[in-house]
file work07.pdb (PDB, C-alpha atoms)
MODEL        1
ATOM      1  CA  MET A 200     159.519   0.161 139.993
ATOM      2  CA  ARG A 201     161.150   1.604 136.897
ATOM      3  CA  THR A 202     157.754   1.923 135.243
ATOM      4  CA  LEU A 203     156.549   3.990 138.185
ATOM      5  CA  ALA A 204     159.627   6.225 137.899
ATOM      6  CA  TYR A 205     158.877   6.892 134.177
ATOM      7  CA  LEU A 206     155.250   7.604 134.999
ATOM      8  CA  PHE A 207     156.220   9.976 137.821
ATOM      9  CA  ILE A 208     158.693  11.864 135.587
ATOM     10  CA  GLY A 209     156.029  12.082 132.869
ATOM     11  CA  ILE A 210     153.511  13.522 135.319
ATOM     12  CA  ILE A 211     155.983  16.205 136.460
ATOM     13  CA  PHE A 212     156.671  16.958 132.802
ATOM     14  CA  GLY A 213     152.942  17.221 131.979
ATOM     15  CA  ILE A 214     152.187  19.484 134.939
ATOM     16  CA  THR A 215     155.177  21.666 134.005
ATOM     17  CA  MET A 216     154.096  21.924 130.342
ATOM     18  CA  PHE A 217     150.620  23.025 131.387
ATOM     19  CA  LYS A 218     151.518  25.355 134.264
ATOM     20  CA  SER A 219     154.396  26.995 132.359
ATOM     21  CA  GLU A 220     151.938  27.712 129.491
ATOM     22  CA  ALA A 221     154.488  26.220 127.078
ATOM     23  CA  ALA A 222     151.562  24.060 125.930
ATOM     24  CA  SER A 223     149.582  27.178 124.975
ATOM     25  CA  TRP A 224     149.218  27.993 121.283
ATOM     26  CA  PHE A 225     149.102  31.682 122.312
ATOM     27  CA  ARG A 226     152.519  31.532 123.996
ATOM     28  CA  ILE A 227     154.095  30.014 120.886
ATOM     29  CA  TYR A 228     152.571  32.730 118.700
ATOM     30  CA  GLU A 229     153.719  35.453 121.112
ATOM     31  CA  MET A 230     157.235  33.978 121.137
ATOM     32  CA  PHE A 231     157.539  34.121 117.342
ATOM     33  CA  LYS A 232     156.250  37.691 117.489
ATOM     34  CA  PHE A 233     159.036  38.534 119.981
ATOM     35  CA  GLU A 234     156.408  40.146 122.198
ATOM     36  CA  SER A 235     157.277  38.383 125.452
ATOM     37  CA  PHE A 236     160.339  37.079 127.243
ATOM     38  CA  HIS A 237     158.382  34.184 128.785
ATOM     39  CA  MET A 238     159.215  31.361 126.332
ATOM     40  CA  TYR A 239     162.790  32.579 125.836
ATOM     41  CA  GLY A 240     163.204  32.623 129.623
ATOM     42  CA  ILE A 241     161.923  29.050 129.858
ATOM     43  CA  ILE A 242     164.080  27.640 127.044
ATOM     44  CA  GLY A 243     167.113  29.726 128.058
ATOM     45  CA  SER A 244     167.048  28.793 131.744
ATOM     46  CA  THR A 245     166.404  25.119 130.922
ATOM     47  CA  VAL A 246     169.406  25.030 128.589
ATOM     48  CA  ILE A 247     171.750  26.884 130.979
ATOM     49  CA  ILE A 248     170.882  24.536 133.859
ATOM     50  CA  GLY A 249     170.962  21.593 131.437
ATOM     51  CA  ILE A 250     174.493  22.472 130.270
ATOM     52  CA  ILE A 251     175.704  22.639 133.887
ATOM     53  CA  LEU A 252     174.069  19.291 134.757
ATOM     54  CA  VAL A 253     175.411  17.550 131.640
ATOM     55  CA  GLN A 254     178.939  18.888 132.250
ATOM     56  CA  LEU A 255     178.666  17.667 135.842
ATOM     57  CA  ILE A 256     177.643  14.195 134.657
ATOM     58  CA  LYS A 257     180.608  14.133 132.237
ATOM     59  CA  ARG A 258     183.269  15.435 134.646
ATOM     60  CA  VAL A 259     182.194  13.916 137.948
ATOM     61  CA  PRO A 260     181.604  10.195 137.454
ATOM     62  CA  ILE A 261     177.903  10.268 138.358
ATOM     63  CA  LYS A 262     176.126   6.945 137.864
ATOM     64  CA  SER A 263     172.403   6.589 137.252
ATOM     65  CA  PHE A 264     170.086   5.671 140.144
ATOM     66  CA  TYR A 265     170.568   2.059 139.057
ATOM     67  CA  GLY A 266     174.368   2.257 139.089
ATOM     68  CA  GLU A 267     174.714   2.321 135.284
ATOM     69  CA  THR A 268     176.933   4.706 133.298
ATOM     70  CA  ILE A 269     174.871   7.615 131.921
ATOM     71  CA  GLN A 270     174.769   7.583 128.113
ATOM     72  CA  LEU A 271     174.862  10.915 126.263
ATOM     73  CA  PRO A 272     174.903   9.917 122.598
ATOM     74  CA  PRO A 273     176.306  12.624 120.262
ATOM     75  CA  LYS A 274     174.107  13.619 117.297
ATOM     76  CA  ALA A 275     175.319  12.522 113.838
ATOM     77  CA  LYS A 276     177.010  15.310 111.861
ATOM     78  CA  SER A 277     175.033  16.833 108.993
ATOM     79  CA  PHE A 278     173.590  20.155 107.958
ATOM     80  CA  SER A 279     170.741  19.628 105.499
ATOM     81  CA  ARG A 280     168.656  17.188 107.520
ATOM     82  CA  TYR A 281     168.743  19.402 110.620
ATOM     83  CA  MET A 282     168.080  22.618 108.729
ATOM     84  CA  ILE A 283     165.347  21.361 106.341
ATOM     85  CA  GLY A 284     163.752  19.089 108.938
ATOM     86  CA  GLY A 285     163.988  21.887 111.497
ATOM     87  CA  ILE A 286     162.266  24.413 109.215
ATOM     88  CA  LEU A 287     159.419  21.971 108.444
ATOM     89  CA  PHE A 288     159.022  21.271 112.156
ATOM     90  CA  GLY A 289     158.994  25.003 112.943
ATOM     91  CA  LEU A 290     156.255  25.653 110.359
ATOM     92  CA  GLY A 291     154.081  22.996 111.992
ATOM     93  CA  TRP A 292     154.974  24.047 115.550
ATOM     94  CA  ALA A 293     153.789  27.615 114.908
ATOM     95  CA  LEU A 294     150.624  26.504 113.072
ATOM     96  CA  ALA A 295     149.448  23.785 115.463
ATOM     97  CA  GLY A 296     150.970  25.590 118.454
ATOM     98  CA  ALA A 297     152.107  22.317 119.976
ATOM     99  CA  CYS A 298     155.217  20.173 119.806
ATOM    100  CA  PRO A 299     155.394  16.409 120.484
ATOM    101  CA  GLY A 300     155.375  16.726 124.302
ATOM    102  CA  PRO A 301     152.643  19.310 124.967
ATOM    103  CA  MET A 302     150.301  17.794 122.360
ATOM    104  CA  PHE A 303     149.829  14.833 124.714
ATOM    105  CA  THR A 304     149.515  17.054 127.782
ATOM    106  CA  LEU A 305     146.636  18.868 126.035
ATOM    107  CA  VAL A 306     144.752  15.562 125.669
ATOM    108  CA  GLY A 307     144.821  15.295 129.465
ATOM    109  CA  VAL A 308     143.537  18.852 129.755
ATOM    110  CA  GLY A 309     140.557  17.775 127.677
ATOM    111  CA  TYR A 310     141.027  19.418 124.271
ATOM    112  CA  VAL A 311     139.572  16.906 121.825
ATOM    113  CA  PRO A 312     140.739  18.559 118.534
ATOM    114  CA  ILE A 313     144.396  18.138 119.589
ATOM    115  CA  ILE A 314     143.866  14.444 118.753
ATOM    116  CA  VAL A 315     143.661  15.540 115.095
ATOM    117  CA  VAL A 316     147.151  17.055 115.484
ATOM    118  CA  ILE A 317     148.485  13.880 117.137
ATOM    119  CA  ILE A 318     147.089  11.562 114.439
ATOM    120  CA  ALA A 319     148.410  13.903 111.720
ATOM    121  CA  SER A 320     151.852  14.007 113.320
ATOM    122  CA  ILE A 321     151.971  10.193 113.507
ATOM    123  CA  PHE A 322     151.004  10.193 109.822
ATOM    124  CA  GLY A 323     153.713  12.807 109.097
ATOM    125  CA  THR A 324     156.284  10.570 110.779
ATOM    126  CA  PHE A 325     155.013   7.680 108.634
ATOM    127  CA  LEU A 326     155.417   9.796 105.459
ATOM    128  CA  TYR A 327     159.003  10.549 106.474
ATOM    129  CA  GLY A 328     159.642   6.818 106.888
ATOM    130  CA  LEU A 329     158.357   6.210 103.338
ATOM    131  CA  MET A 330     160.399   9.028 101.759
ATOM    132  CA  LYS A 331     163.502   8.797 103.948
ATOM    133  CA  ASP A 332     165.836   7.262 101.362
ATOM    134  CA  ARG A 333     164.971   9.892  98.732
ATOM    135  CA  LEU A 334     165.608  12.894 100.979
ATOM    136  CA  PRO A 335     168.964  14.676 101.444
ATOM    137  CA  HIS A 336     170.413  13.919 104.874
TER     138      HIS A 336
ATOM    139  CA  MET B  43     148.116  28.956 148.984
ATOM    140  CA  ASP B  44     146.608  30.886 146.082
ATOM    141  CA  TRP B  45     149.961  30.973 144.332
ATOM    142  CA  ILE B  46     149.578  27.317 143.421
ATOM    143  CA  TYR B  47     146.746  28.241 141.048
ATOM    144  CA  GLU B  48     148.817  30.898 139.269
ATOM    145  CA  PRO B  49     150.781  30.174 136.062
ATOM    146  CA  TRP B  50     154.425  29.354 136.704
ATOM    147  CA  PRO B  51     156.896  32.095 135.770
ATOM    148  CA  TRP B  52     159.754  31.173 133.422
ATOM    149  CA  TYR B  53     162.283  30.936 136.263
ATOM    150  CA  VAL B  54     160.241  28.135 137.840
ATOM    151  CA  SER B  55     159.281  26.433 134.561
ATOM    152  CA  GLY B  56     162.796  26.299 133.069
ATOM    153  CA  PRO B  57     164.431  24.651 136.116
ATOM    154  CA  MET B  58     161.525  22.170 136.282
ATOM    155  CA  ILE B  59     162.092  21.105 132.653
ATOM    156  CA  ALA B  60     165.831  20.782 133.367
ATOM    157  CA  LEU B  61     164.880  18.590 136.356
ATOM    158  CA  VAL B  62     162.776  16.354 134.081
ATOM    159  CA  MET B  63     165.721  15.968 131.693
ATOM    160  CA  PHE B  64     168.090  15.236 134.604
ATOM    161  CA  LEU B  65     165.742  12.672 136.188
ATOM    162  CA  LEU B  66     165.435  10.850 132.868
ATOM    163  CA  LEU B  67     169.238  10.723 132.563
ATOM    164  CA  MET B  68     169.406   9.416 136.117
ATOM    165  CA  VAL B  69     167.068   6.536 135.261
ATOM    166  CA  GLY B  70     169.250   5.777 132.236
ATOM    167  CA  LYS B  71     167.105   7.387 129.505
ATOM    168  CA  ASN B  72     167.286  10.418 127.224
ATOM    169  CA  PHE B  73     164.645  13.144 127.087
ATOM    170  CA  GLY B  74     163.046  13.166 123.631
ATOM    171  CA  MET B  75     159.319  13.069 123.009
ATOM    172  CA  SER B  76     159.081  12.812 119.218
ATOM    173  CA  SER B  77     160.519   9.260 119.148
ATOM    174  CA  ASN B  78     157.128   8.210 120.471
ATOM    175  CA  LEU B  79     155.523   9.169 117.159
ATOM    176  CA  ARG B  80     157.795   6.662 115.393
ATOM    177  CA  THR B  81     157.026   4.020 118.034
ATOM    178  CA  LEU B  82     153.293   4.601 117.515
ATOM    179  CA  CYS B  83     153.791   4.139 113.738
ATOM    180  CA  THR B  84     155.491   0.806 114.407
ATOM    181  CA  ILE B  85     152.706  -0.311 116.760
ATOM    182  CA  CYS B  86     150.184   0.560 114.015
ATOM    183  CA  GLY B  87     152.032  -1.750 111.609
ATOM    184  CA  ALA B  88     154.106   0.754 109.595
ATOM    185  CA  GLY B  89     156.940  -1.817 109.531
ATOM    186  CA  LYS B  90     155.151  -3.475 106.604
ATOM    187  CA  LYS B  91     155.742  -0.378 104.480
ATOM    188  CA  SER B  92     159.204   0.825 105.519
ATOM    189  CA  ASP B  93     162.329  -0.565 107.210
ATOM    190  CA  PHE B  94     162.462   2.636 109.235
ATOM    191  CA  PHE B  95     159.664   1.285 111.390
ATOM    192  CA  ARG B  96     161.081  -2.222 111.826
ATOM    193  CA  PHE B  97     162.552  -2.094 115.311
ATOM    194  CA  ASP B  98     161.735  -3.575 118.676
ATOM    195  CA  TRP B  99     159.210  -1.033 119.892
ATOM    196  CA  LYS B 100     159.062  -2.668 123.317
ATOM    197  CA  ALA B 101     162.475  -1.122 124.015
ATOM    198  CA  GLN B 102     160.688   2.236 123.720
ATOM    199  CA  ARG B 103     157.878   1.329 126.079
ATOM    200  CA  TRP B 104     159.438   3.472 128.836
ATOM    201  CA  ASN B 105     158.940   6.573 126.674
ATOM    202  CA  LEU B 106     155.273   5.737 126.053
ATOM    203  CA  ILE B 107     154.879   5.594 129.829
ATOM    204  CA  VAL B 108     156.399   9.085 130.039
ATOM    205  CA  VAL B 109     153.741  10.155 127.481
ATOM    206  CA  LEU B 110     151.019   8.594 129.635
ATOM    207  CA  GLY B 111     152.423  10.597 132.548
ATOM    208  CA  ALA B 112     152.407  13.776 130.428
ATOM    209  CA  ILE B 113     148.686  13.203 129.721
ATOM    210  CA  ILE B 114     147.936  12.633 133.422
ATOM    211  CA  GLY B 115     150.061  15.680 134.291
ATOM    212  CA  GLY B 116     147.965  17.810 131.933
ATOM    213  CA  PHE B 117     144.825  16.590 133.685
ATOM    214  CA  ILE B 118     146.233  17.285 137.172
ATOM    215  CA  GLY B 119     147.666  20.671 136.196
ATOM    216  CA  SER B 120     144.435  21.916 134.641
ATOM    217  CA  HIS B 121     141.851  20.363 136.991
ATOM    218  CA  PHE B 122     143.519  20.659 140.391
ATOM    219  CA  MET B 123     146.145  23.379 140.057
ATOM    220  CA  THR B 124     144.387  26.035 137.984
ATOM    221  CA  THR B 125     141.276  28.143 138.528
ATOM    222  CA  ASP B 126     141.603  30.486 135.541
ATOM    223  CA  ALA B 127     143.487  28.987 132.600
ATOM    224  CA  ALA B 128     143.419  32.170 130.461
ATOM    225  CA  VAL B 129     146.931  32.945 129.226
ATOM    226  CA  ALA B 130     147.899  36.557 129.891
ATOM    227  CA  ILE B 131     149.822  37.228 126.698
ATOM    228  CA  ASN B 132     151.066  40.686 125.732
ATOM    229  CA  PRO B 133     148.123  43.084 125.026
ATOM    230  CA  ASP B 134     149.775  43.962 121.675
ATOM    231  CA  THR B 135     149.718  40.262 120.756
ATOM    232  CA  VAL B 136     146.048  40.088 121.794
ATOM    233  CA  ALA B 137     145.264  43.065 119.538
ATOM    234  CA  THR B 138     147.035  41.478 116.547
ATOM    235  CA  LEU B 139     145.273  38.153 117.125
ATOM    236  CA  ASN B 140     141.888  39.882 117.425
ATOM    237  CA  GLU B 141     142.496  41.466 114.037
ATOM    238  CA  LEU B 142     143.286  38.020 112.604
ATOM    239  CA  GLY B 143     139.955  36.753 113.970
ATOM    240  CA  PHE B 144     141.126  35.013 117.153
ATOM    241  CA  SER B 145     138.666  36.619 119.573
ATOM    242  CA  SER B 146     139.657  34.198 122.371
ATOM    243  CA  ALA B 147     143.179  35.680 122.615
ATOM    244  CA  GLY B 148     143.932  36.641 126.227
ATOM    245  CA  LYS B 149     140.777  34.868 127.436
ATOM    246  CA  ALA B 150     141.600  31.190 126.981
ATOM    247  CA  TYR B 151     144.434  28.647 127.182
ATOM    248  CA  LEU B 152     144.090  27.646 123.509
ATOM    249  CA  PRO B 153     142.272  29.525 120.714
ATOM    250  CA  THR B 154     138.672  28.316 120.730
ATOM    251  CA  GLU B 155     138.664  28.908 116.953
ATOM    252  CA  LEU B 156     140.994  25.893 116.543
ATOM    253  CA  PHE B 157     140.547  23.776 119.673
ATOM    254  CA  ASP B 158     136.896  24.118 120.708
ATOM    255  CA  MET B 159     134.616  21.116 120.062
ATOM    256  CA  ASN B 160     132.990  23.191 117.284
ATOM    257  CA  ALA B 161     136.356  23.207 115.479
ATOM    258  CA  LEU B 162     135.764  19.518 114.690
ATOM    259  CA  THR B 163     132.947  20.468 112.330
ATOM    260  CA  ASP B 164     134.867  23.316 110.714
ATOM    261  CA  ILE B 165     136.734  22.221 107.570
ATOM    262  CA  LYS B 166     139.291  25.018 107.769
ATOM    263  CA  SER B 167     140.193  24.287 111.411
ATOM    264  CA  ILE B 168     140.546  20.553 110.760
ATOM    265  CA  LEU B 169     142.681  21.277 107.690
ATOM    266  CA  LEU B 170     144.996  23.632 109.588
ATOM    267  CA  LEU B 171     145.394  21.208 112.503
ATOM    268  CA  THR B 172     146.088  18.359 110.082
ATOM    269  CA  VAL B 173     148.688  20.256 108.054
ATOM    270  CA  GLY B 174     150.320  21.510 111.271
ATOM    271  CA  GLY B 175     150.465  17.980 112.663
ATOM    272  CA  ILE B 176     151.902  16.473 109.469
ATOM    273  CA  LEU B 177     154.638  19.139 109.361
ATOM    274  CA  VAL B 178     155.495  18.520 113.027
ATOM    275  CA  GLY B 179     155.672  14.744 112.544
ATOM    276  CA  PHE B 180     157.575  14.825 109.254
ATOM    277  CA  GLY B 181     159.924  17.638 110.283
ATOM    278  CA  THR B 182     160.796  16.276 113.676
ATOM    279  CA  ARG B 183     161.773  12.867 112.333
ATOM    280  CA  TYR B 184     163.693  14.392 109.415
ATOM    281  CA  ALA B 185     165.564  16.609 111.889
ATOM    282  CA  GLY B 186     165.998  13.670 114.270
ATOM    283  CA  GLY B 187     164.335  15.344 117.238
ATOM    284  CA  CYS B 188     161.999  18.064 118.451
ATOM    285  CA  THR B 189     162.039  20.756 121.104
ATOM    286  CA  SER B 190     162.893  18.246 123.841
ATOM    287  CA  GLY B 191     165.443  16.167 121.923
ATOM    288  CA  HIS B 192     167.258  19.065 120.214
ATOM    289  CA  ALA B 193     166.498  22.359 121.982
ATOM    290  CA  ILE B 194     166.824  20.848 125.464
ATOM    291  CA  SER B 195     168.772  17.542 125.446
ATOM    292  CA  GLY B 196     170.943  18.435 122.448
ATOM    293  CA  LEU B 197     171.794  22.029 123.364
ATOM    294  CA  SER B 198     172.469  20.957 126.980
ATOM    295  CA  ASN B 199     175.037  18.516 125.562
ATOM    296  CA  LEU B 200     176.475  21.312 123.340
ATOM    297  CA  GLN B 201     175.611  19.511 120.100
ATOM    298  CA  LEU B 202     176.122  21.616 116.952
ATOM    299  CA  PRO B 203     173.522  19.573 114.979
ATOM    300  CA  SER B 204     170.947  20.492 117.615
ATOM    301  CA  LEU B 205     171.799  24.170 117.277
ATOM    302  CA  ILE B 206     171.275  23.910 113.491
ATOM    303  CA  ALA B 207     167.915  22.198 114.109
ATOM    304  CA  VAL B 208     166.838  24.874 116.619
ATOM    305  CA  VAL B 209     167.768  27.630 114.129
ATOM    306  CA  GLY B 210     165.615  25.727 111.620
ATOM    307  CA  PHE B 211     162.705  25.541 114.123
ATOM    308  CA  PHE B 212     162.849  29.322 114.469
ATOM    309  CA  ILE B 213     163.126  30.028 110.744
ATOM    310  CA  GLY B 214     160.075  27.809 110.177
ATOM    311  CA  GLY B 215     158.121  29.397 113.033
ATOM    312  CA  LEU B 216     158.908  32.941 111.934
ATOM    313  CA  VAL B 217     157.967  32.214 108.319
ATOM    314  CA  MET B 218     154.665  30.681 109.446
ATOM    315  CA  ILE B 219     153.668  33.528 111.783
ATOM    316  CA  HIS B 220     154.925  36.496 109.778
ATOM    317  CA  LEU B 221     154.511  35.387 106.143
ATOM    318  CA  ILE B 222     151.947  32.553 106.006
ATOM    319  CA  PHE B 223     149.511  33.584 108.783
ATOM    320  CA  PRO B 224     148.473  36.786 106.933
ATOM    321  CA  LEU B 225     147.470  34.557 103.992
ATOM    322  CA  LEU B 226     145.596  32.033 106.160
ATOM    323  CA  PHE B 227     143.660  34.303 108.531
TER     324      PHE B 227
ENDMDL
END
call {"tool": "encode", "arguments": {"input": "work07.pdb", "output": "structure tokens"}}
result
Amino acid sequence: MRTLAYLFIGIIFGITMFKSEAASWFRIYEMFKFESFHMYGIIGSTVIIGIILVQLIKRVPIKSFYGETIQLPPKAKSFSRYMIGGILFGLGWALAGACPGPMFTLVGVGYVPIIVVIIASIFGTFLYGLMKDRLPH
Amino acid sequence: MDWIYEPWPWYVSGPMIALVMFLLLMVGKNFGMSSNLRTLCTICGAGKKSDFFRFDWKAQRWNLIVVLGAIIGGFIGSHFMTTDAAVAINPDTVATLNELGFSSAGKAYLPTELFDMNALTDIKSILLLTVGGILVGFGTRYAGGCTSGHAISGLSNLQLPSLIAVVGFFIGGLVMIHLIFPLLF
């Protein structure tokens, strides 16, 4: 049952990534050119609704569908890892035009070369694992 | 019923992404797609090379199922819910991209120059996709999350680290498009 729930949520996510055009390289380029409100509208409205929902979960004791307490783990405090890691991610996001969600959606659409991006990003994650202890965090 | 084939405006797309995040919280999970890249490393045996990949990947199986759903969703969205996938970006953006050599701007969902089957035999395209992918994978793990984990889950939970990461995403993106693209294309 739970597996079906994850699959269902993933399908909604995939359809949304495609239909919103957030999975389009062109939309990412246009966003960084500040030539459309589209992507800012998507991220902005998601975050505003997200803040309201998360505050609701924290203030009203909402339990998960399975009756468990909802976990909202805080992120560890640091500056350098978020800033340096963030900049590297942003460079790749703008070049490949896809982040770790949409890149999988695009496989379903049928774009074969996106598999190059996926394999490279798995390799990039592997490189981070190798160098982790020598990087400032 | 023709509206179903149209692209979704931002005020439909944003609430739908928030719904995805909320549903994941309600089934006891957190929205974050880049963790899957680490899980895939572990499945491929990366634990032999680094402690970072020694963890029980089966605990992350739920997220791989979300990925499978995201692939199926892409198939459904493009094959059954779309007649014309061309992305109507700003005509000024189209003009700039045409000058850079992207003739498919405004006419396709992804630039054919990078994502067409022919791109697989073009050294430059493969190189760009590879470098882009490596930066995404390395950067996201270094930053501890991507667009979903930081920009959506993290900002929704008012996390300062996520705001720093999102500022970083934008610095990186702006540098790539405005400073590096003119050198590449």
call {"tool": "closest_residue", "arguments": {"input": "work07.pdb", "among": "A:Phe217, A:Phe212, A:Tyr265, A:Phe207", "to": "B:Leu61", "atoms": "all atoms listed in the file"}}
result
A:Phe212
call {"tool": "closest_atom_pairs", "arguments": {"input": "work07.pdb", "of": "chain A", "to": "chain B", "cutoff": "6 Å", "atoms": "all atoms listed in the file", "output": "Markdown table"}}
result
| residue | atom | partner | partner_atom | distance |
| --- | --- | --- | --- | --- |
| A:Tyr205 | CA | B:Val108 | CA | 5.3 |
| A:Leu206 | CA | B:Gly111 | CA | 4.8 |
| A:Gly209 | CA | B:Gly111 | CA | 3.9 |
| A:Ile210 | CA | B:Gly111 | CA | 4.2 |
| A:Phe212 | CA | B:Ala112 | CA | 5.8 |
| A:Gly213 | CA | B:Ala112 | CA | 3.8 |
| A:Ile214 | CA | B:Gly115 | CA | 4.4 |
| A:Phe217 | CA | B:Gly116 | CA | 5.9 |
| A:Lys218 | CA | B:Pro49 | CA | 5.2 |
| A:Ser219 | CA | B:Trp50 | CA | 4.9 |
| A:Ser223 | CA | B:Leu152 | CA | 5.7 |
| A:Trp224 | CA | B:Leu152 | CA | 5.6 |
| A:Phe231 | CA | B:Leu216 | CA | 5.7 |
| A:His237 | CA | B:Trp52 | CA | 5.7 |
| A:Gly240 | CA | B:Trp52 | CA | 5.3 |
| A:Ile241 | CA | B:Gly56 | CA | 4.3 |
| A:Ser244 | CA | B:Gly56 | CA | 5.1 |
| A:Thr245 | CA | B:Gly56 | CA | 4.4 |
| A:Val246 | CA | B:Ser198 | CA | 5.3 |
| A:Gly249 | CA | B:Ser198 | CA | 4.7 |
| A:Ile250 | CA | B:Ser198 | CA | 4.1 |
| A:Ser263 | CA | B:Met68 | CA | 4.3 |
| A:Phe264 | CA | B:Met68 | CA | 5.5 |
| A:Ile269 | CA | B:Gly70 | CA | 5.9 |
| A:Arg280 | CA | B:Ala185 | CA | 5.4 |
| A:Tyr281 | CA | B:Ala185 | CA | 4.4 |
| A:Met282 | CA | B:Gly210 | CA | 4.9 |
| A:Gly284 | CA | B:Ala185 | CA | 4.3 |
| A:Gly285 | CA | B:Gly210 | CA | 4.2 |
| A:Ile286 | CA | B:Gly214 | CA | 4.2 |
| A:Leu287 | CA | B:Gly181 | CA | 4.7 |
| A:Phe288 | CA | B:Gly181 | CA | 4.2 |
| A:Gly289 | CA | B:Phe211 | CA | 3.9 |
| A:Leu290 | CA | B:Gly214 | CA | 4.4 |
| A:Gly291 | CA | B:Gly174 | CA | 4.1 |
| A:Ala293 | CA | B:Gly215 | CA | 5.0 |
| A:Leu294 | CA | B:Gly174 | CA | 5.3 |
| A:Ala295 | CA | B:Gly174 | CA | 4.8 |
| A:Pro299 | CA | B:Ser76 | CA | 5.3 |
| A:Gly300 | CA | B:Met75 | CA | 5.5 |
| A:Phe303 | CA | B:Ile113 | CA | 5.4 |
| A:Thr304 | CA | B:Ile113 | CA | 4.4 |
| A:Gly307 | CA | B:Ile113 | CA | 4.4 |
| A:Val308 | CA | B:Phe117 | CA | 4.7 |
| A:Pro312 | CA | B:Phe157 | CA | 5.3 |
| A:Val316 | CA | B:Gly175 | CA | 4.4 |
| A:Ala319 | CA | B:Gly175 | CA | 4.7 |
| A:Ser320 | CA | B:Gly179 | CA | 4.0 |
| A:Ile321 | CA | B:Leu79 | CA | 5.2 |
| A:Gly323 | CA | B:Ile176 | CA | 4.1 |
| A:Thr324 | CA | B:Gly179 | CA | 4.6 |
| A:Tyr327 | CA | B:Phe180 | CA | 5.3 |
| A:Gly328 | CA | B:Phe94 | CA | 5.6 |
| A:Leu329 | CA | B:Ser92 | CA | 5.9 |
call {"tool": "atom_distance", "arguments": {"input": "work07.pdb", "atom1": "atom CA of B:Leu142", "atom2": "atom CA of B:Phe227"}}
result
5.5 Å
call {"tool": "atom_distance", "arguments": {"input": "work07.pdb", "atom1": "atom CA of A:Arg201", "atom2": "atom CA of A:Val259"}}
result
24.4 Å
call {"tool": "closest_residue", "arguments": {"input": "work07.pdb", "among": "A:Phe278, A:Phe322, A:Tyr310, A:Trp292", "to": "A:Phe225", "atoms": "only C-alpha atoms"}}
result
A:Trp292
call {"tool": "residues_near_point", "arguments": {"input": "work07.pdb", "point": "(172.7, 13.7, 106.7)", "cutoff": "7 Å", "atoms": "all atoms listed in the file", "output": "PDB file with C-alpha atoms, in the frame of the given file"}}
result
ATOM      1  CA  LYS A 276     177.010  15.310 111.861  1.00  0.00           C
ATOM      2  CA  SER A 277     175.033  16.833 108.993  1.00  0.00           C
ATOM      3  CA  PHE A 278     173.590  20.155 107.958  1.00  0.00           C
ATOM      4  CA  SER A 279     170.741  19.628 105.499  1.00  0.00           C
ATOM      5  CA  ARG A 280     168.656  17.188 107.520  1.00  0.00           C
ATOM      6  CA  PRO A 335     168.964  14.676 101.444  1.00  0.00           C
ATOM      7  CA  HIS A 336     170.413  13.919 104.874  1.00  0.00           C
TER       8      HIS A 336
END
call {"tool": "atom_distance", "arguments": {"input": "work07.pdb", "atom1": "atom CA of A:Leu305", "atom2": "atom CA of A:Leu326"}}
result
24.1 Å
call {"tool": "residues_around", "arguments": {"input": "work07.pdb", "residues": "A:Met238", "least_positions_apart": "2", "cutoff": "8 Å", "atoms": "all atoms listed in the file", "output": "list of chain:residue names"}}
result
A:Ala221, A:Arg226, A:Ile227, A:Met230, A:Ser235, A:Phe236, A:Gly240, A:Ile241, A:Ile242, B:Trp52
call {"tool": "closest_residue", "arguments": {"input": "work07.pdb", "among": "A:Tyr228, A:Tyr239, A:Phe325, A:Phe233", "to": "B:Gly87", "atoms": "only C-alpha atoms"}}
result
A:Phe325
call {"tool": "closest_residue", "arguments": {"input": "work07.pdb", "among": "A:Val253, A:Ile318, A:Leu334, A:Pro260", "to": "A:Pro272", "atoms": "only C-alpha atoms"}}
result
A:Val253
